[in-house]
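**Student:** Handing you a structure now.
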Amino acid sequence: KNNRNLDSHDDYGSYLVDRDGYSYNPYSLGWRYLGMYIDCDLDSMYEAQEGRRKLEDNVECTRKLLWAAYVDPKYRGGSIGEYQYFNLTTMEWDKQYCQTKRCARMDCHEPNTHFNLVGVFTETDGLEDWAEQLFKHEGICVWNDDDGYEFMEKYRQIWPNYCYELSLTGDDGSTIYLHMKPEAWGNFTYGIYSDAYCSVESD
């Protein structure tokens with residue numbers, strides 16, 4: 001089992017620690033977003049529906065995020081200068097930013113990559129913390145113009161992080177709810193649901 005230690009600030013040395021206590025050099029690591037899924041507390045939901053217990057406020061179908069971590073076994077200690085930059089404009093790898101003799105591709109998402117899988121991880125807060133950190137540290141580089149970054153950051157802040165009741169109603173006058181909706185291939189969008197768990201989509 002692999003664990004993330006987010007409490008340590010010692011030069012990021014404990015960013016990823018395995019069960020034997022070995023911490024990977026952060027510059028040897030790559031990550032890949034896999035997608036989002038819905039995790040329901042089924043026992044509590046069933047008991048509430050059958051009247052055996054009161055539905056607690058914190059019982060819901062939460063949205064959780066999956067991502068994978070990879071390690072470069074050939075890493076030589078050259079930090080970020082050991083890797084090529086993928087130019088999103090030309091859609092080609094660019095070697096001009098390499099600062100060491102080794103100039104490798106950080107292509108952990110490719111089927112023929114030399115990176116090794118470290119583990120697959122779940123973010124229990126869904127997109128809330130994960131996306132905030134991603135936007136803060138990478139989004140400012142990817143969306144390197146003010147308009148692009150501000151647009152994305154604005155919409156990140158209004159993504160729902162819990163199931164909440166809308167002031168609108170369904171066609172039949174029923175209560176409807178809003179939450180994030182996971183989709184295929186790692187995509188997600190807004191979902192309208194007919195139950196307070198946000199587990200059943202509204203017609």
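Labeling convention for the structure tokens: chains A, B, ... as they appear, residues from 1 per chain, ligands from 1 in order of appearance.
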Can you tell me which residues surround region 98-108 of chain A at a distance of at most 10 Å, considering only C-alpha atoms, apart from same-chain residues fewer than 6 positions away, and format the answer as JSON, numbers by chain?
**Tutor:** {"A": [28, 29, 30, 31, 32, 68, 69, 70, 71, 72, 74, 75, 76, 77, 78, 79, 80, 81, 82, 83, 84, 85, 86, 114, 115, 116, 117]}
**Student:** Using only C-alpha atoms, which residues sit within 12 Å of Thr169 (chain A) once same-chain residues fewer than 2 positions away are excluded, as a VMD selection string?
**Tutor:** chain A and resid 165 to 167 171 to 178 192 to 194 202 to 203
**Student:** Taking 4 positions as the minimum chain separation for residues in the same chain, which residues sit within 10 Å of His179 (chain A) when counting only C-alpha atoms? Answer as a list in words.
**Tutor:**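 So the residues in contact are Cys61, Thr62, Arg63, Trp159, Pro160, Asn161, Tyr162, Cys163, Tyr164, Glu165, Thr189, Tyr190, Gly191, Ile192, Tyr193, Tyr197, Cys198 and Ser199 of chain A.
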**Student:** Restricting the output to all heavy atoms, write the selected residues as a compact mmCIF listing (two decimals), in the first residue's frame.
**Tutor:**
# COMPACT_ATOMS: atom_id res chain seq x y z
N CYS A 61 -23.54 10.64 -1.50
CA CYS A 61 -22.72 9.97 -2.50
C CYS A 61 -21.63 10.96 -2.93
O CYS A 61 -21.87 11.83 -3.77
CB CYS A 61 -23.56 9.54 -3.69
SG CYS A 61 -24.71 8.19 -3.30
N THR A 62 -20.47 10.84 -2.33
CA THR A 62 -19.39 11.79 -2.58
C THR A 62 -18.72 11.52 -3.92
O THR A 62 -18.75 10.41 -4.44
CB THR A 62 -18.34 11.73 -1.46
OG1 THR A 62 -17.81 10.40 -1.39
CG2 THR A 62 -18.95 12.10 -0.13
N ARG A 63 -18.12 12.56 -4.46
CA ARG A 63 -17.34 12.44 -5.68
C ARG A 63 -15.88 12.32 -5.30
O ARG A 63 -15.35 13.17 -4.58
CB ARG A 63 -17.54 13.67 -6.57
CG ARG A 63 -18.72 13.60 -7.52
CD ARG A 63 -20.00 13.26 -6.84
NE ARG A 63 -21.15 13.26 -7.76
CZ ARG A 63 -22.33 12.80 -7.44
NH1 ARG A 63 -22.57 12.31 -6.24
NH2 ARG A 63 -23.32 12.81 -8.32
N TRP A 159 -17.51 25.08 -9.05
CA TRP A 159 -17.84 23.66 -9.14
C TRP A 159 -18.46 23.21 -7.81
O TRP A 159 -17.90 23.48 -6.75
CB TRP A 159 -16.60 22.83 -9.42
CG TRP A 159 -16.07 22.97 -10.81
CD1 TRP A 159 -16.71 23.45 -11.91
CD2 TRP A 159 -14.74 22.65 -11.23
NE1 TRP A 159 -15.88 23.44 -12.99
CE2 TRP A 159 -14.67 22.96 -12.61
CE3 TRP A 159 -13.62 22.14 -10.59
CZ2 TRP A 159 -13.51 22.75 -13.35
CZ3 TRP A 159 -12.47 21.93 -11.32
CH2 TRP A 159 -12.41 22.24 -12.69
N PRO A 160 -19.60 22.53 -7.83
CA PRO A 160 -20.19 22.07 -6.58
C PRO A 160 -19.35 20.98 -5.93
O PRO A 160 -18.83 20.10 -6.62
CB PRO A 160 -21.56 21.52 -7.03
CG PRO A 160 -21.38 21.16 -8.46
CD PRO A 160 -20.40 22.15 -9.01
N ASN A 161 -19.16 21.06 -4.62
CA ASN A 161 -18.39 20.02 -3.91
C ASN A 161 -19.27 19.23 -2.96
O ASN A 161 -18.78 18.49 -2.11
CB ASN A 161 -17.20 20.63 -3.15
CG ASN A 161 -17.61 21.78 -2.27
OD1 ASN A 161 -18.74 21.84 -1.79
ND2 ASN A 161 -16.69 22.72 -2.06
N TYR A 162 -20.58 19.39 -3.09
CA TYR A 162 -21.52 18.58 -2.33
C TYR A 162 -22.86 18.59 -3.07
O TYR A 162 -23.07 19.38 -4.01
CB TYR A 162 -21.69 19.10 -0.89
CG TYR A 162 -22.28 20.49 -0.80
CD1 TYR A 162 -23.65 20.67 -0.66
CD2 TYR A 162 -21.46 21.61 -0.85
CE1 TYR A 162 -24.20 21.94 -0.56
CE2 TYR A 162 -22.00 22.89 -0.78
CZ TYR A 162 -23.35 23.05 -0.63
OH TYR A 162 -23.89 24.31 -0.56
N CYS A 163 -23.75 17.72 -2.67
CA CYS A 163 -25.08 17.62 -3.28
C CYS A 163 -25.99 18.67 -2.65
O CYS A 163 -26.21 18.63 -1.44
CB CYS A 163 -25.64 16.22 -3.07
SG CYS A 163 -27.29 15.94 -3.79
N TYR A 164 -26.47 19.60 -3.44
CA TYR A 164 -27.34 20.60 -2.84
C TYR A 164 -28.61 20.83 -3.65
O TYR A 164 -28.66 20.62 -4.86
CB TYR A 164 -26.59 21.92 -2.60
CG TYR A 164 -26.20 22.69 -3.83
CD1 TYR A 164 -27.05 23.64 -4.39
CD2 TYR A 164 -24.95 22.51 -4.41
CE1 TYR A 164 -26.68 24.37 -5.49
CE2 TYR A 164 -24.57 23.25 -5.53
CZ TYR A 164 -25.44 24.18 -6.06
OH TYR A 164 -25.07 24.90 -7.17
N GLU A 165 -29.62 21.22 -2.92
CA GLU A 165 -30.96 21.39 -3.49
C GLU A 165 -31.04 22.68 -4.31
O GLU A 165 -30.56 23.74 -3.88
CB GLU A 165 -31.99 21.42 -2.36
CG GLU A 165 -33.42 21.56 -2.83
CD GLU A 165 -34.40 21.56 -1.67
OE1 GLU A 165 -34.06 21.02 -0.60
OE2 GLU A 165 -35.51 22.13 -1.84
N THR A 189 -18.95 16.66 -15.79
CA THR A 189 -19.80 17.81 -16.08
C THR A 189 -20.73 18.03 -14.90
O THR A 189 -20.57 17.40 -13.85
CB THR A 189 -20.60 17.58 -17.38
OG1 THR A 189 -21.32 18.77 -17.70
CG2 THR A 189 -21.58 16.41 -17.23
N TYR A 190 -21.70 18.92 -15.04
CA TYR A 190 -22.71 19.11 -14.01
C TYR A 190 -23.81 18.07 -14.18
O TYR A 190 -24.16 17.71 -15.30
CB TYR A 190 -23.32 20.50 -14.09
CG TYR A 190 -22.36 21.62 -13.82
CD1 TYR A 190 -21.90 22.45 -14.84
CD2 TYR A 190 -21.91 21.88 -12.53
CE1 TYR A 190 -21.01 23.48 -14.60
CE2 TYR A 190 -21.02 22.91 -12.27
CZ TYR A 190 -20.58 23.71 -13.30
OH TYR A 190 -19.69 24.73 -13.05
N GLY A 191 -24.35 17.59 -13.07
CA GLY A 191 -25.44 16.63 -13.12
C GLY A 191 -26.63 17.10 -12.32
O GLY A 191 -26.47 17.70 -11.25
N ILE A 192 -27.83 16.85 -12.82
CA ILE A 192 -29.07 17.16 -12.11
C ILE A 192 -29.64 15.84 -11.61
O ILE A 192 -29.84 14.90 -12.39
CB ILE A 192 -30.09 17.86 -13.02
CG1 ILE A 192 -29.47 19.14 -13.62
CG2 ILE A 192 -31.35 18.20 -12.24
CD1 ILE A 192 -29.09 20.18 -12.59
N TYR A 193 -29.95 15.78 -10.31
CA TYR A 193 -30.35 14.52 -9.68
C TYR A 193 -31.71 14.68 -9.00
O TYR A 193 -32.11 15.78 -8.61
CB TYR A 193 -29.30 14.07 -8.68
CG TYR A 193 -27.96 13.80 -9.34
CD1 TYR A 193 -27.02 14.83 -9.50
CD2 TYR A 193 -27.65 12.54 -9.81
CE1 TYR A 193 -25.81 14.58 -10.12
CE2 TYR A 193 -26.43 12.29 -10.43
CZ TYR A 193 -25.52 13.32 -10.59
OH TYR A 193 -24.33 13.07 -11.21
N TYR A 197 -29.13 12.31 -2.29
CA TYR A 197 -27.79 11.73 -2.31
C TYR A 197 -27.02 12.10 -3.58
O TYR A 197 -25.84 11.85 -3.70
CB TYR A 197 -27.86 10.20 -2.24
CG TYR A 197 -28.71 9.65 -1.13
CD1 TYR A 197 -29.92 9.01 -1.42
CD2 TYR A 197 -28.32 9.75 0.19
CE1 TYR A 197 -30.70 8.49 -0.41
CE2 TYR A 197 -29.10 9.23 1.21
CZ TYR A 197 -30.29 8.60 0.91
OH TYR A 197 -31.07 8.08 1.91
N CYS A 198 -27.75 12.65 -4.56
CA CYS A 198 -27.21 12.91 -5.90
C CYS A 198 -26.66 11.61 -6.51
O CYS A 198 -25.52 11.54 -6.98
CB CYS A 198 -26.13 13.97 -5.85
SG CYS A 198 -26.80 15.65 -5.70
N SER A 199 -27.49 10.57 -6.44
CA SER A 199 -27.09 9.28 -6.99
C SER A 199 -27.96 8.86 -8.17
O SER A 199 -27.56 7.99 -8.95
CB SER A 199 -27.18 8.20 -5.91
OG SER A 199 -28.52 8.03 -5.46
**Student:** For a quick check of understanding, using only C-alpha atoms, which of A:Leu134, A:Met180, A:Leu65, A:Met152 has the smallest distance to Thr122 (chain A)?
**Tutor:** A:Leu65
**Student:** Go through A:Val118, A:Glu150, A:Tyr155, A:Trp130 and flag the residue nearest Val17 (chain A), using only C-alpha atoms for the distances.
**Tutor:**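 Of A:Val118, A:Glu150, A:Tyr155, A:Trp130, the one nearest Val17 (chain A) is A:Val118, counting only C-alpha atoms.
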**Student:** Can you pull out every residue from region 40-191 of chain A that DSSP, working from the backbone, puts in strand (DSSP E or B), and format the result as a VMD selection string?
**Tutor:** chain A and resid 40 61 to 71 83 85 to 87 92 to 94 104 116 to 123 164 to 169 175 to 182 188 to 191
**Student:** Could you work out how far CA of Leu16 (chain A) lies from CA of Tyr97 (chain A), giving the answer in Å with one decimal?
**Tutor:** 26.0 Å
**Student:** Nearest to Phe188 (chain A): which of A:Asp18, A:Asn25, A:Gly126, A:Pro111 is it, counting only C-alpha atoms?
**Tutor:**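 Among the listed residues, the smallest separation from Phe188 (chain A) belongs to A:Gly126.
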**Student:** For each of A:Leu88, A:Leu168, A:Ile158, A:Ala131, take the minimum atom-to-atom distance to Tyr33 (chain A), counting only C-alpha atoms, then give the residue where this is smallest.
**Tutor:** A:Ala131
**Student:** How many Å lie between CA of Glu123 (chain A) and CA of Leu66 (chain A), rounded to one decimal?
**Tutor:** 6.5 Å
**Student:** In Å, how far is it from CA of Asp129 (chain A) to CA of His109 (chain A)?
**Tutor:**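 The value is 22.6 Å.
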**Student:** Of the candidates A:Ala184, A:Val200, A:Met36, A:Leu127, which one gets nearest to Arg156 (chain A) if we count only C-alpha atoms?
**Tutor:**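 Closest to Arg156 (chain A), using only C-alpha atoms: A:Leu127.
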